[in-house]
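Chemist: Sharing a structure with you now.
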Amino acid sequence: MDYNFNEVEKKWQEYWRDNNVYKVDIDNNKPKFYILDMFPYPSGAGLHVGHPLGYIASDIYARYKRLKGFNVLHPMGYDAYGLPAEQYAIETGTHPAITTEKNINRYREQMDKIGFCYDWDREVRTSDPRYYKWTQWTFIQLFNSYYCNVSKKAQSIADLVKRFEAQGTEGLDAACGKPMQFTAEQWKAMSEKEQQEVMMNYRLAYLADTMVNWCPQLGTVLANDEVADGLSVRGGFPVVRKTMKQWLLRITAYAERLLEGLETIEWSESIKEVQRNWIGKSMGASLFFDIADKDINIEVFTTRADTLFGATFMVLAPEHEIISSITTDEQRAAVEEYVSWAKNRSERERMAEVKKVSGVFTGAYGINPFTGAKIPIWVADYVLMGYGTGAIMAVPAHDSRDFAFARHFELPIIQVVAKPGEEPTDASQWEESFDAKEGVMVNSDFLNGLSVKEAIATMIQKVEEKGIGKGKTNYRLRDAIFSRQRYWGEPFPIYYKDGMPYALDESKLPLELPSIDAYKPTETGEPPLARAKNWTTEEGYPLETNTMPGFAGSSGYYLRYMDPQNDNEFISKEANNYWQQVDLYIGGAEHGTGHLIYSRFWNKFLFDIGVACKDEPFQKMINQGMIQGRTNFVYRVNFEKMAEYKTWEVIKDNKLGVKFVKDFKVGHRKFDFFCQEKNIIIEIKKVSSLEKVADAYENIAKELGCKILLIPIRQVLVDEDFTDVKQKIQDLIDGKDVPAYEEVEMLEAPRLYVSKNVPGREYYGDPIRVDINMVHNDVLDTEQFKQWRFDLNDSKFIFEQDKDGNPIYVCGWEVEKMSKSKFNVQNPDDLVEKYGADTLRLYEMFLGPLEQSKPWDTQGIEGVYRFIRKFWRLYTDENNEFCFSDEPATKEELKSLHKLIKKEEDDIERISFNTVVSAFMICVNELTDLKCNKREILEPLTIMISPYAPHLAEELWHQLGHNDSVVTQKYPEFVESYVVENNFTYPVSINGKKRFDLELPITLSPAEIEKIAVATPEAIKWIADKSIKKVIVVPKKIINIVVG
RNA sequence: GCGGAUGUGGCGUAAUUGGUAGCCGCGUCAGACUUAGGAUCUGAUGCCGAGAGGCGUGGGGGUUCGAGUCCCUUCAUCCGCACCA
């Protein structure tokens, strides 16, 4: 009998649980290591094979670090608040806590089956009052803090009040909503409400009117990262822009620190870049433009102060508050109409119409501060209120959007930057704007002749001197909207007195989520919490009815794992000083602009107030790739695309020696393919319409002096290799006379065939990626499609025609994200059932580099399963009886083992788990060949495989006669002397090409090696009559003989 | 449009500093044991070629004794951001 994984895995999972093997406590005698997975949102679908990929990797790393003598913190918990459970509650009336609990239990069961080494005593759930007490506590600290730009950290709002009392805003440099100036006397004269309003301008958690993403279907606002393509990420409902009073976190105060911090952490360059883009720092200048005949000015932000002389008009965002006060009476009606049109457009419409130019003139003029020229002020929605000041100076010559706008509304265009050595030209005649990042200033008075870089600096200096502007750094990052009009989230520890919000006393925490009768908004549109009875403080003040967003609970959870049972503090100093920060964080890259930036902000704030001892939460991060599913499809072949594809293939691969351009435009006409050099047009046309268009095209060809070839799309069916077309194109290039087109008759349906092991060939002769319409969006009814989907798993082939006998449906598959709606979800439970957890663990690692996305393909799992059994057989004899030898190990056996020790150490450190699995296979193959069953080899081998296949290892460890757990053992010591060789087999190259091997003692000098090498019969044969020019000898690497 | 990646056999991949391209596994083929094989074991397997040998890391060019690796250029695919002034 073979290895019985079912029995063994169950046995050790129980043993580990009953013996608290994974429990971890502070141990000052050991170095610590904190390795963390992104905790999951427990959805109803349970885990799929993509989830455990990161968990398995971190589990292996954690177990390895433990063997290496570290005290490893490796916890797990649940991001338990979230929309799906609440949507379900609205539909069914089931309390989200019940749904969540059920899902958590399922997740836990699935995770336990895979044999993770989490210390479950440290589990956290964001919806647990004992946990969210500290989320609320952190919120109160944010509410009671402001950000001092001088000390560059958060400080107590009480200090700010003291300052106001002493000196007002004199000398204050703090992050705030809008600039404020008042004296101590004025402060003291304010009413409490007024003072509270002033403080609100500085608090790090503040309430303000703000433009939000409002999702009517979900009945809540959403953060920018919760919206994609104008739709909500959860649910896919439309989102509109709307001004509402919301809680916000002043994350912008930390923009610079968030940016700088990226330099200190070991994250992938791509995710750092995502964050840099999100923060969007740009250095430029803010300039004030006076308005003609008015006593007001407009502030604009520009990164290109140098182009000021080229500013020929100004543009305001439709939401800009100054619009109504500057618009002239003649223009008022038009402006108001435009503004209301622009405001009422959905985000989706706006995005779809980015290329369309729209705008309206206000009738007002700004004054160019240097030339004194009057420049018209327009309103247009290509300027966004959310960025900079919501107003720009437009320099059409050097900005494509300004250029398009100027063209459309016939506004003047002045060139101010020229390529070095080139004279300025009449910009009003240009076809497109000149993106002048480098060049020389022209038409710009005192800037003329300067480079762009010099001109920017000079201009900023000049502007500052004149007092009409100043150098300024601008960030794209917006403050994070922190309230949601939902039920299933943390209640705010806030009550209202006299209309102003106040924080609850910390002793009142946690403020527990009340139970309510239904989970939807009230009839009057209040958030669900307004349904709660007695939702007031003891004194009767009303409590906040908004709840916190999903990222509230996940922003500081890694800290809580350090001290999860502590009800008196967020974390004890002792725990924090010991565990410090997360050493290795593993999770998906999709949280780049959400959780990962909020967490960094949250942690920096906690660092400022002395709760966290490190400025950054996650020192090193690995983003595991997504495991994609294989989805089988039925396709309808799009012959037009196929013809285009084949034609392109012919042009590309046939190496015709001339260059064809795709989608080439001549004037307003667009051609499929165009070769300028030879004046050849190739067009792809439907057979039925070919005759009609042929004449038209011949005229065009004549007009342009071109030759034309029309390819009937049915050509692809009768001429699979496109030989005919190849010939015609070649003839055209050679200047031969070729008829513009030939009618192709289709006599019978094309023969389709399946080559089972050539993906892509399944649906047509050549591996063509035809543009294909997924059938369920198209003609076929869903039932039939579904049936096919399942039939397709065995590459069963289907060939159909529709009612008119026209389109042809074939099958194939594609790699997609795994999702229930795509019928392609692979569930780990089934695989554990069939192959065991250890096989699943090894296979997920063996699939390829952790960070790479890869399609899930179960075919290869057999190989890993075979390996596991082969590994088992090393320890057993033909009768499956354990059988070990106490003989000393041979040199070969030790060499094999120690090669593996080194490889595993090196590769685990660089998170290359797939190569470690491969190294195990090599070692086991070698030991099997050596028929090795020595304890001296097998004991260390058992320890070494335990991070990967813990159940198997634990069983074998006990079979080897031990009574303790393999988890608590020491990783074997690498001994170099076992792997060093006396000889090295040199590859000998002649002119860089390897020709033969030569085994030589490693003690030889390069000169000796050269002497021997050139004298070998093999070398002599290759040198033949040529002479040796040079011999390169790299010791223990290569010998290269250069002959000539 | 901007930014980040990635291109190696039929497939997943390996090659850590420029030094034997294709390790390991899947698949395939052949053989052994078998009543049987979707079990197990053995061998072969980049392509072309009977062989000698030639060609091969998306394409083109360069540096080098030597390039998957470095440089230039080009093509393709994936991901992120996107009227960001």
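In the structure tokens, the first chain shown is A, the next is B, and so on; residue numbers restart at 1 for each chain, and ligands run from 1 in the order shown.
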List the neighbours of range 70-78 of chain B out to 10 Å using only C-alpha atoms (C1' of nucleotides); skip same-chain residues closer than 5 positions along the sequence, and give me the result as JSON, numbers by chain.
Modeler: {"A": [652, 853], "B": [5, 6, 7, 18, 58, 59, 60, 61, 62, 63, 64]}
Chemist: Mind listing as a VMD selection string which residues of chain A are within 7 Å of chain B, counting only C-alpha atoms (C1' of nucleotides)?
Modeler: chain A and resid 270 274 301 to 302 354 382 to 383 387 392 476 757 to 758 847 to 848 859 to 860 863 918 921 987 992 994 1032 1037 to 1038 1040 1042
Chemist: Of the residues B:U34, B:U17, B:U8, B:U42, which is the one nearest to U57 in chain B, using only C-alpha atoms (C1' of nucleotides)?
Modeler: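 For U57 in chain B, the nearest of the candidates is B:U8.
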Chemist: Name the residues of range 246-478 of chain A that fall into strand (DSSP E) according to DSSP on the backbone, using the chain letters and numbers of this document, as a PyMOL selection string.
Modeler: chain A and resi 246-249+282-291+297-302+313-316+360-367+374-379+391-394+417-418+440-441+469-474
Chemist: Name all residues at most 12 Å from Lys453 in chain A (count only C-alpha atoms (C1' of nucleotides); drop same-chain ones fewer than 6 positions away) and give them as a PyMOL selection string.
Modeler: chain A and resi 284+303-307+417+436-441+447+459-460
Chemist: Which residues come within 6 Å of range 200-217 of chain A, counting only C-alpha atoms (C1' of nucleotides), excluding same-chain residues fewer than 5 positions away, as a compact mmCIF listing (two decimals) with all heavy atoms, in the first residue's frame?
Modeler:
# COMPACT_ATOMS: atom_id res chain seq x y z
N LEU A 142 -7.37 60.54 15.65
CA LEU A 142 -7.27 61.32 14.42
C LEU A 142 -8.10 62.60 14.54
O LEU A 142 -7.69 63.69 14.13
CB LEU A 142 -7.78 60.49 13.22
CG LEU A 142 -6.82 59.42 12.70
CD1 LEU A 142 -7.58 58.37 11.90
CD2 LEU A 142 -5.72 60.04 11.84
N PHE A 143 -9.28 62.44 15.12
CA PHE A 143 -10.18 63.57 15.31
C PHE A 143 -9.52 64.62 16.20
O PHE A 143 -9.68 65.82 15.99
CB PHE A 143 -11.49 63.05 15.92
CG PHE A 143 -12.54 64.10 16.12
CD1 PHE A 143 -13.27 64.59 15.05
CD2 PHE A 143 -12.83 64.57 17.40
CE1 PHE A 143 -14.26 65.55 15.24
CE2 PHE A 143 -13.82 65.53 17.60
CZ PHE A 143 -14.54 66.02 16.51
N SER A 145 -6.38 65.30 16.47
CA SER A 145 -5.03 65.67 16.05
C SER A 145 -5.06 66.59 14.84
O SER A 145 -6.04 66.61 14.10
CB SER A 145 -4.23 64.41 15.68
OG SER A 145 -4.12 63.55 16.79
N TYR A 146 -3.98 67.30 14.67
CA TYR A 146 -3.78 68.07 13.44
C TYR A 146 -2.36 67.79 12.97
O TYR A 146 -1.56 67.19 13.68
CB TYR A 146 -4.02 69.56 13.67
CG TYR A 146 -2.88 70.29 14.35
CD1 TYR A 146 -2.02 71.12 13.64
CD2 TYR A 146 -2.65 70.13 15.72
CE1 TYR A 146 -0.97 71.77 14.25
CE2 TYR A 146 -1.60 70.78 16.35
CZ TYR A 146 -0.76 71.61 15.62
OH TYR A 146 0.28 72.24 16.22
N CYS A 176 -4.50 72.00 6.39
CA CYS A 176 -5.86 72.45 6.65
C CYS A 176 -6.68 72.46 5.37
O CYS A 176 -6.15 72.32 4.28
CB CYS A 176 -5.86 73.84 7.28
SG CYS A 176 -5.11 75.08 6.21
N GLY A 177 -7.99 72.64 5.54
CA GLY A 177 -8.88 72.66 4.39
C GLY A 177 -8.74 73.93 3.59
O GLY A 177 -8.44 73.90 2.41
N LEU A 222 -18.54 56.21 -2.14
CA LEU A 222 -17.44 55.27 -2.31
C LEU A 222 -16.13 56.04 -2.45
O LEU A 222 -16.11 57.16 -2.96
CB LEU A 222 -17.67 54.42 -3.56
CG LEU A 222 -18.91 53.52 -3.54
CD1 LEU A 222 -19.16 52.93 -4.91
CD2 LEU A 222 -18.74 52.40 -2.51
N VAL A 239 -22.01 55.25 -10.78
CA VAL A 239 -21.60 56.18 -9.73
C VAL A 239 -21.73 57.59 -10.28
O VAL A 239 -21.39 57.83 -11.44
CB VAL A 239 -20.14 55.88 -9.32
CG1 VAL A 239 -19.59 56.97 -8.43
CG2 VAL A 239 -20.05 54.53 -8.62
N VAL A 240 -22.26 58.49 -9.47
CA VAL A 240 -22.33 59.89 -9.91
C VAL A 240 -21.55 60.78 -8.95
O VAL A 240 -21.28 60.41 -7.81
CB VAL A 240 -23.80 60.39 -9.99
CG1 VAL A 240 -24.55 59.65 -11.07
CG2 VAL A 240 -24.49 60.25 -8.65
N ARG A 241 -21.17 61.95 -9.44
CA ARG A 241 -20.48 62.92 -8.60
C ARG A 241 -21.52 63.79 -7.92
O ARG A 241 -22.52 64.18 -8.52
CB ARG A 241 -19.56 63.80 -9.46
CG ARG A 241 -18.55 63.02 -10.27
CD ARG A 241 -17.41 62.54 -9.45
NE ARG A 241 -16.50 63.62 -9.08
CZ ARG A 241 -15.51 63.46 -8.21
NH1 ARG A 241 -15.34 62.30 -7.62
NH2 ARG A 241 -14.71 64.45 -7.93
N LYS A 242 -21.28 64.08 -6.65
CA LYS A 242 -22.27 64.80 -5.89
C LYS A 242 -21.59 65.45 -4.69
O LYS A 242 -20.63 64.90 -4.16
CB LYS A 242 -23.28 63.74 -5.38
CG LYS A 242 -24.56 64.28 -4.83
CD LYS A 242 -25.48 63.10 -4.53
CE LYS A 242 -26.65 63.55 -3.70
NZ LYS A 242 -27.51 62.43 -3.32
N THR A 243 -22.06 66.59 -4.30
CA THR A 243 -21.49 67.22 -3.11
C THR A 243 -22.29 66.79 -1.89
O THR A 243 -23.52 66.90 -1.87
CB THR A 243 -21.52 68.75 -3.22
OG1 THR A 243 -20.77 69.11 -4.37
CG2 THR A 243 -20.91 69.41 -2.00
N MET A 244 -21.59 66.27 -0.87
CA MET A 244 -22.26 65.81 0.34
C MET A 244 -21.36 66.09 1.53
O MET A 244 -20.15 66.21 1.40
CB MET A 244 -22.50 64.29 0.29
CG MET A 244 -23.60 63.88 -0.66
SD MET A 244 -23.73 62.09 -0.74
CE MET A 244 -24.61 61.74 0.76
N LYS A 245 -21.98 66.15 2.71
CA LYS A 245 -21.20 66.32 3.94
C LYS A 245 -20.71 64.95 4.38
O LYS A 245 -21.53 64.04 4.58
CB LYS A 245 -22.07 66.96 5.03
CG LYS A 245 -21.25 67.43 6.22
CD LYS A 245 -22.01 68.44 7.05
CE LYS A 245 -21.33 69.72 7.07
NZ LYS A 245 -21.27 70.88 7.31
N GLN A 246 -19.41 64.80 4.49
CA GLN A 246 -18.83 63.49 4.77
C GLN A 246 -17.67 63.62 5.75
O GLN A 246 -17.03 64.67 5.83
CB GLN A 246 -18.26 62.89 3.47
CG GLN A 246 -19.30 62.59 2.42
CD GLN A 246 -20.24 61.49 2.81
OE1 GLN A 246 -19.83 60.52 3.46
NE2 GLN A 246 -21.50 61.62 2.47
N TRP A 247 -17.37 62.50 6.39
CA TRP A 247 -16.14 62.41 7.17
C TRP A 247 -15.00 62.15 6.21
O TRP A 247 -15.12 61.35 5.28
CB TRP A 247 -16.21 61.28 8.19
CG TRP A 247 -17.04 61.65 9.37
CD1 TRP A 247 -18.33 61.28 9.60
CD2 TRP A 247 -16.64 62.47 10.46
NE1 TRP A 247 -18.78 61.83 10.76
CE2 TRP A 247 -17.76 62.57 11.32
CE3 TRP A 247 -15.47 63.15 10.80
CZ2 TRP A 247 -17.73 63.32 12.50
CZ3 TRP A 247 -15.44 63.89 11.98
CH2 TRP A 247 -16.57 63.97 12.81
N LEU A 248 -13.88 62.82 6.46
CA LEU A 248 -12.69 62.60 5.64
C LEU A 248 -11.48 62.43 6.52
O LEU A 248 -11.45 62.90 7.66
CB LEU A 248 -12.44 63.79 4.70
CG LEU A 248 -13.47 63.99 3.59
CD1 LEU A 248 -14.29 65.23 3.86
CD2 LEU A 248 -12.79 64.10 2.24
N LEU A 249 -10.48 61.74 6.00
CA LEU A 249 -9.19 61.66 6.68
C LEU A 249 -8.21 62.51 5.90
O LEU A 249 -8.12 62.40 4.68
CB LEU A 249 -8.69 60.21 6.73
CG LEU A 249 -9.55 59.22 7.49
CD1 LEU A 249 -8.85 57.86 7.55
CD2 LEU A 249 -9.86 59.71 8.90
N ARG A 250 -7.45 63.34 6.62
CA ARG A 250 -6.56 64.28 5.96
C ARG A 250 -5.25 63.58 5.56
O ARG A 250 -4.16 63.94 6.00
CB ARG A 250 -6.29 65.48 6.88
CG ARG A 250 -5.98 66.77 6.11
CD ARG A 250 -5.75 67.95 7.04
NE ARG A 250 -6.91 68.35 7.82
CZ ARG A 250 -7.93 69.06 7.35
NH1 ARG A 250 -7.95 69.45 6.10
NH2 ARG A 250 -8.96 69.38 8.13
Chemist: Skip range 180-188 of chain A itself and residues of its chain fewer than 4 positions away, then list as a tab-separated table (two decimals) with N, CA and C atoms, in the first residue's frame all residues within 6 Å of it, counting only C-alpha atoms (C1' of nucleotides).
Modeler:
chain	number	residue	atom	x	y	z
A	164	PHE	N	-3.81	78.95	19.48
A	164	PHE	CA	-4.79	79.96	19.06
A	164	PHE	C	-5.03	80.97	20.17
A	165	GLU	N	-5.10	80.44	21.38
A	165	GLU	CA	-5.36	81.32	22.52
A	165	GLU	C	-4.21	82.30	22.74
A	166	ALA	N	-3.01	81.84	22.44
A	166	ALA	CA	-1.84	82.69	22.70
A	166	ALA	C	-1.54	83.62	21.54
A	167	GLN	N	-1.58	83.14	20.32
A	167	GLN	CA	-1.13	83.97	19.21
A	167	GLN	C	-1.99	83.89	17.95
A	168	GLY	N	-3.15	83.24	18.03
A	168	GLY	CA	-3.98	83.10	16.84
A	168	GLY	C	-3.29	82.21	15.82
A	169	THR	N	-3.40	82.56	14.55
A	169	THR	CA	-2.78	81.73	13.52
A	169	THR	C	-1.37	82.22	13.17
Chemist: Can you tell me which residues surround Asp695 in chain A at a distance of at most 12 Å, considering only C-alpha atoms (C1' of nucleotides), apart from same-chain residues fewer than 6 positions away, and format the answer as a PDB file with N, CA, C and O atoms, in the first residue's frame?
Modeler:
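Dumped to result.pdb:
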ATOM      1  N   SER A 689     -19.978  42.246 -50.819  1.00  0.00           N
ATOM      2  CA  SER A 689     -19.920  43.666 -51.117  1.00  0.00           C
ATOM      3  C   SER A 689     -18.725  44.027 -51.991  1.00  0.00           C
ATOM      4  O   SER A 689     -18.539  45.179 -52.339  1.00  0.00           O
ATOM      5  N   ALA A 701      -7.495  54.626 -55.764  1.00  0.00           N
ATOM      6  CA  ALA A 701      -6.128  54.226 -56.083  1.00  0.00           C
ATOM      7  C   ALA A 701      -5.558  55.109 -57.184  1.00  0.00           C
ATOM      8  O   ALA A 701      -4.415  55.549 -57.104  1.00  0.00           O
ATOM      9  N   LYS A 702      -6.365  55.356 -58.165  1.00  0.00           N
ATOM     10  CA  LYS A 702      -5.922  56.197 -59.273  1.00  0.00           C
ATOM     11  C   LYS A 702      -5.561  57.581 -58.748  1.00  0.00           C
ATOM     12  O   LYS A 702      -4.510  58.132 -59.037  1.00  0.00           O
ATOM     13  N   ILE A 708      -3.866  48.737 -55.740  1.00  0.00           N
ATOM     14  CA  ILE A 708      -4.729  48.252 -54.665  1.00  0.00           C
ATOM     15  C   ILE A 708      -5.003  46.769 -54.803  1.00  0.00           C
ATOM     16  O   ILE A 708      -5.103  46.239 -55.909  1.00  0.00           O
ATOM     17  N   LEU A 710      -7.678  44.031 -53.123  1.00  0.00           N
ATOM     18  CA  LEU A 710      -8.809  43.773 -52.233  1.00  0.00           C
ATOM     19  C   LEU A 710      -8.831  42.282 -51.909  1.00  0.00           C
ATOM     20  O   LEU A 710      -8.860  41.454 -52.811  1.00  0.00           O
ATOM     21  N   ALA A 740      -7.082  43.934 -59.142  1.00  0.00           N
ATOM     22  CA  ALA A 740      -7.393  44.454 -57.808  1.00  0.00           C
ATOM     23  C   ALA A 740      -8.072  43.404 -56.944  1.00  0.00           C
ATOM     24  O   ALA A 740      -7.878  43.360 -55.740  1.00  0.00           O
ATOM     25  N   TYR A 741      -8.857  42.551 -57.532  1.00  0.00           N
ATOM     26  CA  TYR A 741      -9.476  41.508 -56.732  1.00  0.00           C
ATOM     27  C   TYR A 741      -9.911  40.340 -57.596  1.00  0.00           C
ATOM     28  O   TYR A 741     -10.047  40.468 -58.811  1.00  0.00           O
TER      29      TYR A 741
END
Chemist: In Å, how far is it from CA of Thr522 in chain A to CA of Phe237 in chain A?
Modeler: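 According to the coordinates, CA of Thr522 in chain A and CA of Phe237 in chain A are separated by 20.5 Å.
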